[in-house]
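Colleague: Below is the file structure-v4.cif, with mmCIF, C-alpha atoms.
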```
data_my_file
loop_
_atom_site.label_atom_id
_atom_site.label_comp_id
_atom_site.auth_asym_id
_atom_site.auth_seq_id
_atom_site.Cartn_x
_atom_site.Cartn_y
_atom_site.Cartn_z
CA MET A 1 -28.28 82.29 27.54
CA THR A 2 -30.72 85.12 27.18
CA THR A 3 -29.59 88.67 27.47
CA ASP A 4 -31.46 91.89 27.04
CA HIS A 5 -30.01 92.33 23.61
CA HIS A 6 -30.12 88.91 22.03
CA HIS A 7 -33.35 87.07 22.47
CA PRO A 8 -33.34 83.53 21.22
CA THR A 9 -36.27 82.97 18.90
CA GLU A 10 -38.62 80.06 19.08
CA MET A 11 -38.22 77.39 16.48
CA ALA A 12 -40.94 75.96 14.30
CA PRO A 13 -41.47 72.23 14.95
CA ILE A 14 -40.06 71.25 11.55
CA GLU A 15 -36.97 73.40 12.06
CA ALA A 16 -36.34 71.79 15.46
CA ARG A 17 -36.88 68.34 13.98
CA VAL A 18 -34.35 68.88 11.21
CA ALA A 19 -31.87 70.25 13.75
CA ALA A 20 -32.44 67.12 15.86
CA ILE A 21 -31.81 64.84 12.87
CA GLU A 22 -28.58 66.68 12.14
CA SER A 23 -27.36 66.55 15.72
CA VAL A 24 -28.10 62.83 16.12
CA LEU A 25 -26.36 61.96 12.85
CA VAL A 26 -23.36 64.10 13.74
CA GLU A 27 -23.19 62.56 17.21
CA ASN A 28 -23.30 59.07 15.72
CA GLY A 29 -20.44 59.99 13.44
CA VAL A 30 -22.53 59.39 10.31
CA LEU A 31 -22.21 62.97 9.07
CA ASP A 32 -20.11 65.95 9.95
CA THR A 33 -21.20 69.53 10.22
CA ASP A 34 -18.50 70.92 7.94
CA ALA A 35 -19.53 68.63 5.11
CA LEU A 36 -23.12 69.82 5.47
CA ASP A 37 -21.98 73.45 5.45
CA GLN A 38 -20.10 72.78 2.24
CA ILE A 39 -23.13 71.22 0.56
CA VAL A 40 -25.33 74.18 1.45
CA GLN A 41 -22.65 76.57 0.20
CA HIS A 42 -22.30 74.60 -3.01
CA PHE A 43 -26.02 74.85 -3.69
CA GLU A 44 -26.08 78.54 -2.95
CA ASP A 45 -22.97 79.47 -4.90
CA ASN A 46 -22.38 77.01 -7.71
CA LEU A 47 -25.68 75.58 -8.82
CA GLY A 48 -28.17 77.60 -10.72
CA PRO A 49 -29.58 78.48 -14.11
CA MET A 50 -26.36 80.25 -15.08
CA ASN A 51 -24.94 76.76 -15.65
CA GLY A 52 -27.75 75.65 -17.92
CA ALA A 53 -27.49 78.97 -19.76
CA LYS A 54 -23.87 78.19 -20.66
CA VAL A 55 -24.91 74.81 -22.03
CA VAL A 56 -27.65 76.37 -24.15
CA ALA A 57 -25.37 79.14 -25.43
CA ARG A 58 -22.78 76.62 -26.54
CA ALA A 59 -25.41 74.50 -28.28
CA TRP A 60 -26.53 77.61 -30.17
CA SER A 61 -22.96 78.49 -31.13
CA ASP A 62 -21.46 75.09 -31.88
CA PRO A 63 -23.43 72.62 -34.02
CA ASP A 64 -21.19 69.70 -33.05
CA TYR A 65 -21.79 70.40 -29.38
CA LYS A 66 -25.52 70.62 -29.98
CA GLN A 67 -25.45 67.22 -31.63
CA ARG A 68 -23.58 65.71 -28.68
CA LEU A 69 -25.96 67.41 -26.26
CA LEU A 70 -29.08 66.01 -27.88
CA ALA A 71 -27.50 62.55 -28.24
CA ASP A 72 -26.18 62.25 -24.67
CA GLY A 73 -27.15 65.14 -22.43
CA THR A 74 -25.36 63.88 -19.33
CA ALA A 75 -22.00 63.53 -21.08
CA ALA A 76 -22.22 66.81 -23.01
CA ILE A 77 -23.20 68.74 -19.86
CA ALA A 78 -20.39 67.08 -17.92
CA GLU A 79 -17.95 68.69 -20.38
CA PHE A 80 -18.60 71.85 -18.34
CA GLY A 81 -18.10 69.97 -15.08
CA PHE A 82 -21.81 70.22 -14.28
CA GLN A 83 -22.73 66.90 -12.70
CA GLY A 84 -23.79 65.30 -9.44
CA PRO A 85 -27.06 64.47 -7.71
CA GLU A 86 -30.12 64.96 -9.92
CA GLY A 87 -27.88 65.39 -12.94
CA GLU A 88 -27.15 61.79 -13.79
CA TYR A 89 -29.72 61.14 -16.48
CA MET A 90 -30.02 64.33 -18.46
CA VAL A 91 -32.21 64.45 -21.53
CA VAL A 92 -32.16 67.67 -23.54
CA VAL A 93 -35.28 68.38 -25.59
CA GLU A 94 -35.09 70.90 -28.42
CA ASN A 95 -37.71 73.51 -29.15
CA THR A 96 -38.43 74.03 -32.84
CA PRO A 97 -40.91 76.16 -34.77
CA GLN A 98 -43.26 73.14 -34.64
CA VAL A 99 -42.65 71.86 -31.11
CA HIS A 100 -42.55 73.50 -27.70
CA ASN A 101 -41.28 71.42 -24.77
CA LEU A 102 -42.38 71.75 -21.16
CA VAL A 103 -40.85 70.03 -18.13
CA VAL A 104 -42.67 68.96 -15.00
CA CYS A 105 -42.33 66.43 -12.22
CA THR A 106 -45.83 65.23 -11.44
CA LEU A 107 -44.92 63.11 -8.40
CA CYS A 108 -42.50 65.30 -6.52
CA SER A 109 -39.96 67.86 -7.62
CA CYS A 110 -37.29 66.18 -9.76
CA TYR A 111 -35.25 68.89 -11.38
CA PRO A 112 -31.77 69.03 -12.91
CA TRP A 113 -29.82 70.54 -10.03
CA PRO A 114 -26.39 70.84 -11.71
CA THR A 115 -27.78 72.89 -14.61
CA LEU A 116 -30.71 74.75 -13.02
CA GLY A 117 -30.08 74.67 -9.27
CA LEU A 118 -33.05 74.04 -7.02
CA PRO A 119 -36.56 74.35 -8.41
CA PRO A 120 -38.62 77.50 -7.90
CA LYS A 121 -41.57 77.30 -5.56
CA TRP A 122 -44.23 77.16 -8.27
CA TYR A 123 -42.54 74.12 -9.86
CA LYS A 124 -43.15 72.20 -6.64
CA ALA A 125 -46.74 73.38 -6.24
CA PRO A 126 -49.58 70.89 -6.80
CA ALA A 127 -51.23 73.26 -9.30
CA TYR A 128 -48.27 73.31 -11.66
CA ARG A 129 -47.60 69.59 -11.29
CA SER A 130 -51.10 68.58 -12.29
CA ARG A 131 -52.02 71.26 -14.80
CA ALA A 132 -48.81 71.02 -16.80
CA VAL A 133 -50.00 67.62 -17.94
CA ARG A 134 -53.74 68.26 -18.08
CA GLU A 135 -53.88 71.65 -19.75
CA PRO A 136 -50.38 72.85 -20.60
CA ARG A 137 -51.46 75.42 -23.17
CA LYS A 138 -53.82 77.13 -20.77
CA LEU A 139 -51.32 76.99 -17.93
CA LEU A 140 -48.59 78.50 -20.08
CA ALA A 141 -50.92 81.27 -21.23
CA GLU A 142 -51.68 82.11 -17.60
CA MET A 143 -47.95 82.21 -16.93
CA GLY A 144 -47.62 84.76 -19.73
CA THR A 145 -46.46 82.43 -22.48
CA ASP A 146 -48.79 82.06 -25.43
CA ILE A 147 -47.95 79.10 -27.60
CA PRO A 148 -49.42 79.43 -31.10
CA ALA A 149 -52.19 76.91 -31.80
CA ASP A 150 -50.21 75.26 -34.59
CA VAL A 151 -47.26 74.51 -32.29
CA GLU A 152 -47.37 71.14 -30.57
CA ILE A 153 -46.67 71.17 -26.82
CA ARG A 154 -44.75 68.16 -25.52
CA VAL A 155 -44.80 67.66 -21.76
CA TRP A 156 -41.92 65.76 -20.19
CA ASP A 157 -42.56 64.21 -16.80
CA SER A 158 -39.32 63.81 -14.87
CA SER A 159 -38.64 60.40 -13.41
CA ALA A 160 -35.88 58.30 -11.94
CA GLU A 161 -34.69 57.65 -15.48
CA ALA A 162 -34.57 61.20 -16.75
CA ARG A 163 -34.16 64.86 -15.86
CA TYR A 164 -35.10 67.16 -18.69
CA LEU A 165 -33.65 70.43 -19.88
CA VAL A 166 -35.31 72.41 -22.63
CA LEU A 167 -33.09 73.78 -25.38
CA PRO A 168 -34.94 76.98 -26.33
CA MET A 169 -34.90 78.37 -29.86
CA ARG A 170 -32.20 80.95 -30.44
CA PRO A 171 -33.95 84.32 -30.72
CA ASP A 172 -33.75 86.29 -33.94
CA GLY A 173 -31.29 89.13 -34.06
CA THR A 174 -28.63 87.39 -31.97
CA ASP A 175 -26.29 86.41 -34.81
CA ASP A 176 -23.58 88.78 -33.69
CA MET A 177 -23.61 87.74 -30.05
CA SER A 178 -20.74 85.83 -28.48
CA GLU A 179 -21.35 82.62 -26.58
CA GLU A 180 -20.96 84.52 -23.35
CA GLN A 181 -23.46 87.18 -24.42
CA LEU A 182 -25.89 84.47 -25.49
CA ALA A 183 -25.65 82.82 -22.08
CA GLY A 184 -26.77 86.13 -20.63
CA ILE A 185 -30.12 86.03 -22.40
CA VAL A 186 -31.05 82.44 -21.49
CA THR A 187 -33.45 82.35 -18.57
CA ARG A 188 -34.27 79.61 -16.11
CA ASP A 189 -37.91 79.61 -17.17
CA SER A 190 -37.00 79.12 -20.82
CA MET A 191 -35.07 75.99 -19.88
CA ILE A 192 -38.09 74.61 -17.99
CA GLY A 193 -40.25 75.53 -20.95
CA VAL A 194 -42.61 77.98 -19.27
CA GLN A 195 -41.16 80.85 -21.27
CA ARG A 196 -40.10 81.45 -24.87
CA LEU A 197 -37.17 83.70 -25.53
CA MET B 1 -57.82 82.42 -12.05
CA THR B 2 -58.70 79.31 -10.08
CA THR B 3 -55.40 77.56 -10.32
CA GLY B 4 -53.96 77.80 -6.85
CA LEU B 5 -50.88 79.27 -8.50
CA ASP B 6 -50.92 82.48 -6.54
CA ASP B 7 -49.10 85.57 -7.66
CA ALA B 8 -46.15 84.97 -5.42
CA SER B 9 -45.58 81.54 -6.91
CA LEU B 10 -45.61 82.63 -10.52
CA PRO B 11 -42.24 82.83 -12.20
CA ARG B 12 -41.00 86.38 -12.23
CA ASP B 13 -37.26 86.31 -12.60
CA ASN B 14 -34.24 84.20 -11.89
CA GLY B 15 -33.39 85.91 -8.66
CA GLU B 16 -35.35 83.60 -6.42
CA LEU B 17 -33.80 82.71 -3.10
CA VAL B 18 -32.40 79.21 -2.99
CA PHE B 19 -33.70 78.55 0.51
CA GLU B 20 -36.39 80.46 2.33
CA ALA B 21 -34.84 79.65 5.69
CA PRO B 22 -31.53 78.11 6.76
CA TRP B 23 -33.12 74.90 8.07
CA GLN B 24 -34.31 74.10 4.53
CA GLY B 25 -30.72 74.15 3.36
CA ARG B 26 -29.73 71.88 6.24
CA ALA B 27 -32.53 69.45 5.43
CA LEU B 28 -31.41 69.29 1.82
CA ALA B 29 -27.75 68.89 2.73
CA ILE B 30 -28.45 66.10 5.22
CA ALA B 31 -30.34 64.09 2.59
CA VAL B 32 -27.64 64.61 -0.05
CA ALA B 33 -24.81 63.78 2.39
CA LEU B 34 -26.57 60.76 3.81
CA VAL B 35 -27.27 58.94 0.54
CA GLU B 36 -23.73 59.65 -0.57
CA LYS B 37 -22.21 58.45 2.69
CA LEU B 38 -24.25 55.25 2.67
CA GLY B 39 -23.75 54.64 -1.04
CA LEU B 40 -27.48 54.68 -1.70
CA PRO B 41 -29.09 55.79 -4.95
CA TRP B 42 -30.79 59.17 -4.76
CA ASP B 43 -34.07 57.33 -5.35
CA ALA B 44 -33.79 55.89 -1.85
CA PHE B 45 -34.65 59.38 -0.65
CA ARG B 46 -36.74 60.52 -3.60
CA HIS B 47 -39.29 57.75 -3.18
CA ARG B 48 -39.83 58.77 0.42
CA LEU B 49 -40.24 62.38 -0.60
CA MET B 50 -42.80 61.39 -3.22
CA ALA B 51 -44.69 59.37 -0.63
CA GLU B 52 -44.70 62.24 1.88
CA ILE B 53 -45.92 64.71 -0.75
CA ALA B 54 -48.66 62.29 -1.81
CA LYS B 55 -49.71 61.84 1.80
CA ASP B 56 -50.29 65.56 2.29
CA PRO B 57 -50.10 67.47 -1.01
CA GLN B 58 -50.81 70.86 0.54
CA ARG B 59 -48.07 70.67 3.17
CA PRO B 60 -45.16 73.04 2.53
CA TYR B 61 -42.54 71.33 0.40
CA TYR B 62 -39.64 71.34 2.82
CA GLU B 63 -41.85 70.00 5.60
CA SER B 64 -42.50 66.97 3.42
CA TRP B 65 -38.77 66.84 2.82
CA GLY B 66 -38.12 66.82 6.58
CA ALA B 67 -40.69 64.08 7.13
CA ALA B 68 -39.06 61.97 4.39
CA LEU B 69 -35.68 62.50 5.99
CA GLU B 70 -36.94 61.47 9.39
CA SER B 71 -38.54 58.30 8.02
CA MET B 72 -35.29 57.44 6.25
CA VAL B 73 -33.01 57.84 9.27
CA ILE B 74 -35.41 55.88 11.46
CA ASP B 75 -35.78 53.02 8.95
CA LEU B 76 -32.01 52.88 8.51
CA GLU B 77 -31.76 52.69 12.32
CA LEU B 78 -29.54 55.75 12.46
CA ALA B 79 -31.90 57.38 14.96
CA THR B 80 -35.04 56.58 16.89
CA SER B 81 -38.07 58.74 17.36
CA ALA B 82 -37.11 59.03 21.03
CA SER B 83 -33.52 60.07 20.29
CA LEU B 84 -34.84 62.78 17.96
CA ASP B 85 -37.29 64.00 20.58
CA GLU B 86 -34.44 64.26 23.01
CA ALA B 87 -32.12 66.06 20.60
CA ALA B 88 -34.65 68.63 19.43
CA PRO B 89 -33.70 72.14 20.46
CA THR B 90 -36.53 74.31 21.69
CA GLU B 91 -35.10 77.63 20.70
CA ARG B 92 -32.70 79.02 18.18
CA ALA B 93 -29.32 79.97 19.53
CA PRO B 94 -29.06 83.73 20.05
CA LEU B 95 -27.12 85.64 17.43
#
```
Could you write out this structure as structure tokens?
Modeller:
Amino acid sequence: MTTDHHHPTEMAPIEARVAAIESVLVENGVLDTDALDQIVQHFEDNLGPMNGAKVVARAWSDPDYKQRLLADGTAAIAEFGFQGPEGEYMVVVENTPQVHNLVVCTLCSCYPWPTLGLPPKWYKAPAYRSRAVREPRKLLAEMGTDIPADVEIRVWDSSAEARYLVLPMRPDGTDDMSEEQLAGIVTRDSMIGVQRL
Amino acid sequence: MTTGLDDASLPRDNGELVFEAPWQGRALAIAVALVEKLGLPWDAFRHRLMAEIAKDPQRPYYESWGAALESMVIDLELATSASLDEAAPTERAPL
């Protein structure tokens, strides 16, 4: 196999183990490689915060949609076709001048894949998972987001029953923006609640 | 700052890579495909992931994911530890 030009590289144990799991399952006929390729592609291409941003922009632009979204997040988000694993029990929590919402998963890394994609590294880190509950105001300040003392911080711990998406407050000075333009200013971090727009 | 949230893990922008290495994408896809194929709830995997993270909180996330996946396929009798040992490649195929 080896040539002077193309040296195979050694695999880390975990990488080899995952490759072994795949090859055994494919050999047994449980899974097929093409289907796995498609799933990876789907995550890389179709899932991400640009989906959640569209949901937020519509909620800002269309009061009826916002009402549907807060009443039944899963159904309102599915109107865009955003659904699937980790998107079945969506609860949308609205930021207001009095309340700031923050999402965490203390036990693992539950995260609304169809609307936000896969979680960033810090979301999965033990520090974020524990401090978001224990000292959210301090944590947010360290992440560059100062929440005024008179604003209540509500922390939502994801579970089997719910995946949360924060509906940020629409920034001032955006009255003339189209829904599409609005979607362009909604960030991933604002929908997790670690940032204010 | 004594948080353990190092600079690299702080949120900076939305341009973060989905997977840091291709095997992480494979590990994710295998779990997603497997629960779907077997008609299991996602929790069937999630509970294992939670347990693996709790067992070793400092281990890199996708290593816990891989361990959860292995425990699931072995418990479902889709593979044995020995069959995985045998199937494990030792080196990456050359480009």
Colleague: Take every atom of range 137-146 of chain A listed in the file, fit an axis-aligned box around them, add 6 Å per side, and give the centre and edge lengths in Å to one decimal as JSON.
Modeller:
```
{"center_x": -50.1, "center_y": 80.1, "center_z": -21.2, "size_x": 19.4, "size_y": 21.3, "size_z": 20.5}
```
Colleague: For a quick test of understanding: name the residues of chain A lying within 8 Å of chain B when counting all atoms listed in the file, and present them as a PyMOL selection string.
Modeller: chain A and resi 1-2+6-11+14-25+28+30-31+35-37+39-40+43-44+49+85-86+107-108+118+120-122+124-128+143+160+187-189
Colleague: Give me a file of those residues, with C-alpha atoms, as a compact mmCIF listing (two decimals), keeping the file's coordinate frame.
Modeller:
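Once written, result.txt looks like this:
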```txt
# COMPACT_ATOMS: atom_id res chain seq x y z
CA MET A 1 -28.28 82.29 27.54
CA THR A 2 -30.72 85.12 27.18
CA HIS A 6 -30.12 88.91 22.03
CA HIS A 7 -33.35 87.07 22.47
CA PRO A 8 -33.34 83.53 21.22
CA THR A 9 -36.27 82.97 18.90
CA GLU A 10 -38.62 80.06 19.08
CA MET A 11 -38.22 77.39 16.48
CA ILE A 14 -40.06 71.25 11.55
CA GLU A 15 -36.97 73.40 12.06
CA ALA A 16 -36.34 71.79 15.46
CA ARG A 17 -36.88 68.34 13.98
CA VAL A 18 -34.35 68.88 11.21
CA ALA A 19 -31.87 70.25 13.75
CA ALA A 20 -32.44 67.12 15.86
CA ILE A 21 -31.81 64.84 12.87
CA GLU A 22 -28.58 66.68 12.14
CA SER A 23 -27.36 66.55 15.72
CA VAL A 24 -28.10 62.83 16.12
CA LEU A 25 -26.36 61.96 12.85
CA ASN A 28 -23.30 59.07 15.72
CA VAL A 30 -22.53 59.39 10.31
CA LEU A 31 -22.21 62.97 9.07
CA ALA A 35 -19.53 68.63 5.11
CA LEU A 36 -23.12 69.82 5.47
CA ASP A 37 -21.98 73.45 5.45
CA ILE A 39 -23.13 71.22 0.56
CA VAL A 40 -25.33 74.18 1.45
CA PHE A 43 -26.02 74.85 -3.69
CA GLU A 44 -26.08 78.54 -2.95
CA PRO A 49 -29.58 78.48 -14.11
CA PRO A 85 -27.06 64.47 -7.71
CA GLU A 86 -30.12 64.96 -9.92
CA LEU A 107 -44.92 63.11 -8.40
CA CYS A 108 -42.50 65.30 -6.52
CA LEU A 118 -33.05 74.04 -7.02
CA PRO A 120 -38.62 77.50 -7.90
CA LYS A 121 -41.57 77.30 -5.56
CA TRP A 122 -44.23 77.16 -8.27
CA LYS A 124 -43.15 72.20 -6.64
CA ALA A 125 -46.74 73.38 -6.24
CA PRO A 126 -49.58 70.89 -6.80
CA ALA A 127 -51.23 73.26 -9.30
CA TYR A 128 -48.27 73.31 -11.66
CA MET A 143 -47.95 82.21 -16.93
CA ALA A 160 -35.88 58.30 -11.94
CA THR A 187 -33.45 82.35 -18.57
CA ARG A 188 -34.27 79.61 -16.11
CA ASP A 189 -37.91 79.61 -17.17
```
Colleague: Which polymer residues have any atom within 9 Å of an atom of Ile185 in chain A, counting only C-alpha atoms, with same-chain residues fewer than 4 positions away left out, as a VMD selection string?
Modeller: chain A and resid 53 57 181 197
Colleague: How many Å separate CA of Pro97 in chain A from CA of Trp113 in chain A?
Modeller: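 So the two atoms, CA of Pro97 in chain A and CA of Trp113 in chain A, lie 27.7 Å apart.
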Colleague: Hey, can you check how far CA of Gly81 in chain A sits from CA of Arg154 in chain A?
Modeller: 28.7 Å
Colleague: If you count all atoms listed in the file, which residues fall within 8 Å of Tyr123 in chain A, apart from same-chain ones fewer than 4 positions away, as a list of chain:residue names?
Modeller: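 Final neighbour list, sorted by chain and number: A:Val104, A:Ser109, A:Pro119, A:Tyr128, A:Arg129.
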Colleague: Would you save the residues of that selection, restricted to C-alpha atoms, as a PDB file, in the coordinates of the input?
Modeller:
```
ATOM      1  CA  VAL A 104     -42.670  68.960 -15.000  1.00  0.00           C
ATOM      2  CA  SER A 109     -39.960  67.860  -7.620  1.00  0.00           C
ATOM      3  CA  PRO A 119     -36.560  74.350  -8.410  1.00  0.00           C
ATOM      4  CA  TYR A 128     -48.270  73.310 -11.660  1.00  0.00           C
ATOM      5  CA  ARG A 129     -47.600  69.590 -11.290  1.00  0.00           C
TER       6      ARG A 129
END
```
Colleague: In Å, with one decimal, what is the gap from CA of Asp45 in chain A to CA of Val92 in chain A?
Modeller: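 Straight-line distance from CA of Asp45 in chain A to CA of Val92 in chain A works out to 23.9 Å.
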Colleague: Can you pull out every residue within 9 Å of Pro112 in chain A, counting all atoms listed in the file, but drop anything in the same chain fewer than 3 positions away, and send it as a CSV table (one decimal) with C-alpha atoms, keeping the file's coordinate frame?
Modeller:
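Once written, around_29.csv looks like this:
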```
chain,number,residue,atom,x,y,z
A,85,PRO,CA,-27.1,64.5,-7.7
A,86,GLU,CA,-30.1,65.0,-9.9
A,87,GLY,CA,-27.9,65.4,-12.9
A,88,GLU,CA,-27.2,61.8,-13.8
A,89,TYR,CA,-29.7,61.1,-16.5
A,90,MET,CA,-30.0,64.3,-18.5
A,115,THR,CA,-27.8,72.9,-14.6
A,116,LEU,CA,-30.7,74.8,-13.0
A,117,GLY,CA,-30.1,74.7,-9.3
A,118,LEU,CA,-33.0,74.0,-7.0
A,119,PRO,CA,-36.6,74.4,-8.4
A,163,ARG,CA,-34.2,64.9,-15.9
A,164,TYR,CA,-35.1,67.2,-18.7
A,165,LEU,CA,-33.6,70.4,-19.9
```
Colleague: Glu79 in chain A: which residues within 12 Å, counting all atoms listed in the file, same-chain residues fewer than 3 positions away excluded, as a ChimeraX atom specification?
Modeller: /A:51,54-55,58,65,68-69,72-76,82-83
Colleague: If the PyMOL selection byres ((chain A and resi 155) around 7) were run on this exact file, what residues would it hold? Put them as a list in words.
Modeller: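 Selected by the PyMOL selection byres ((chain A and resi 155) around 7) here: Asn101, Leu102, Val103, Val133, Ile153, Arg154, Trp156 and Asp157 of chain A.
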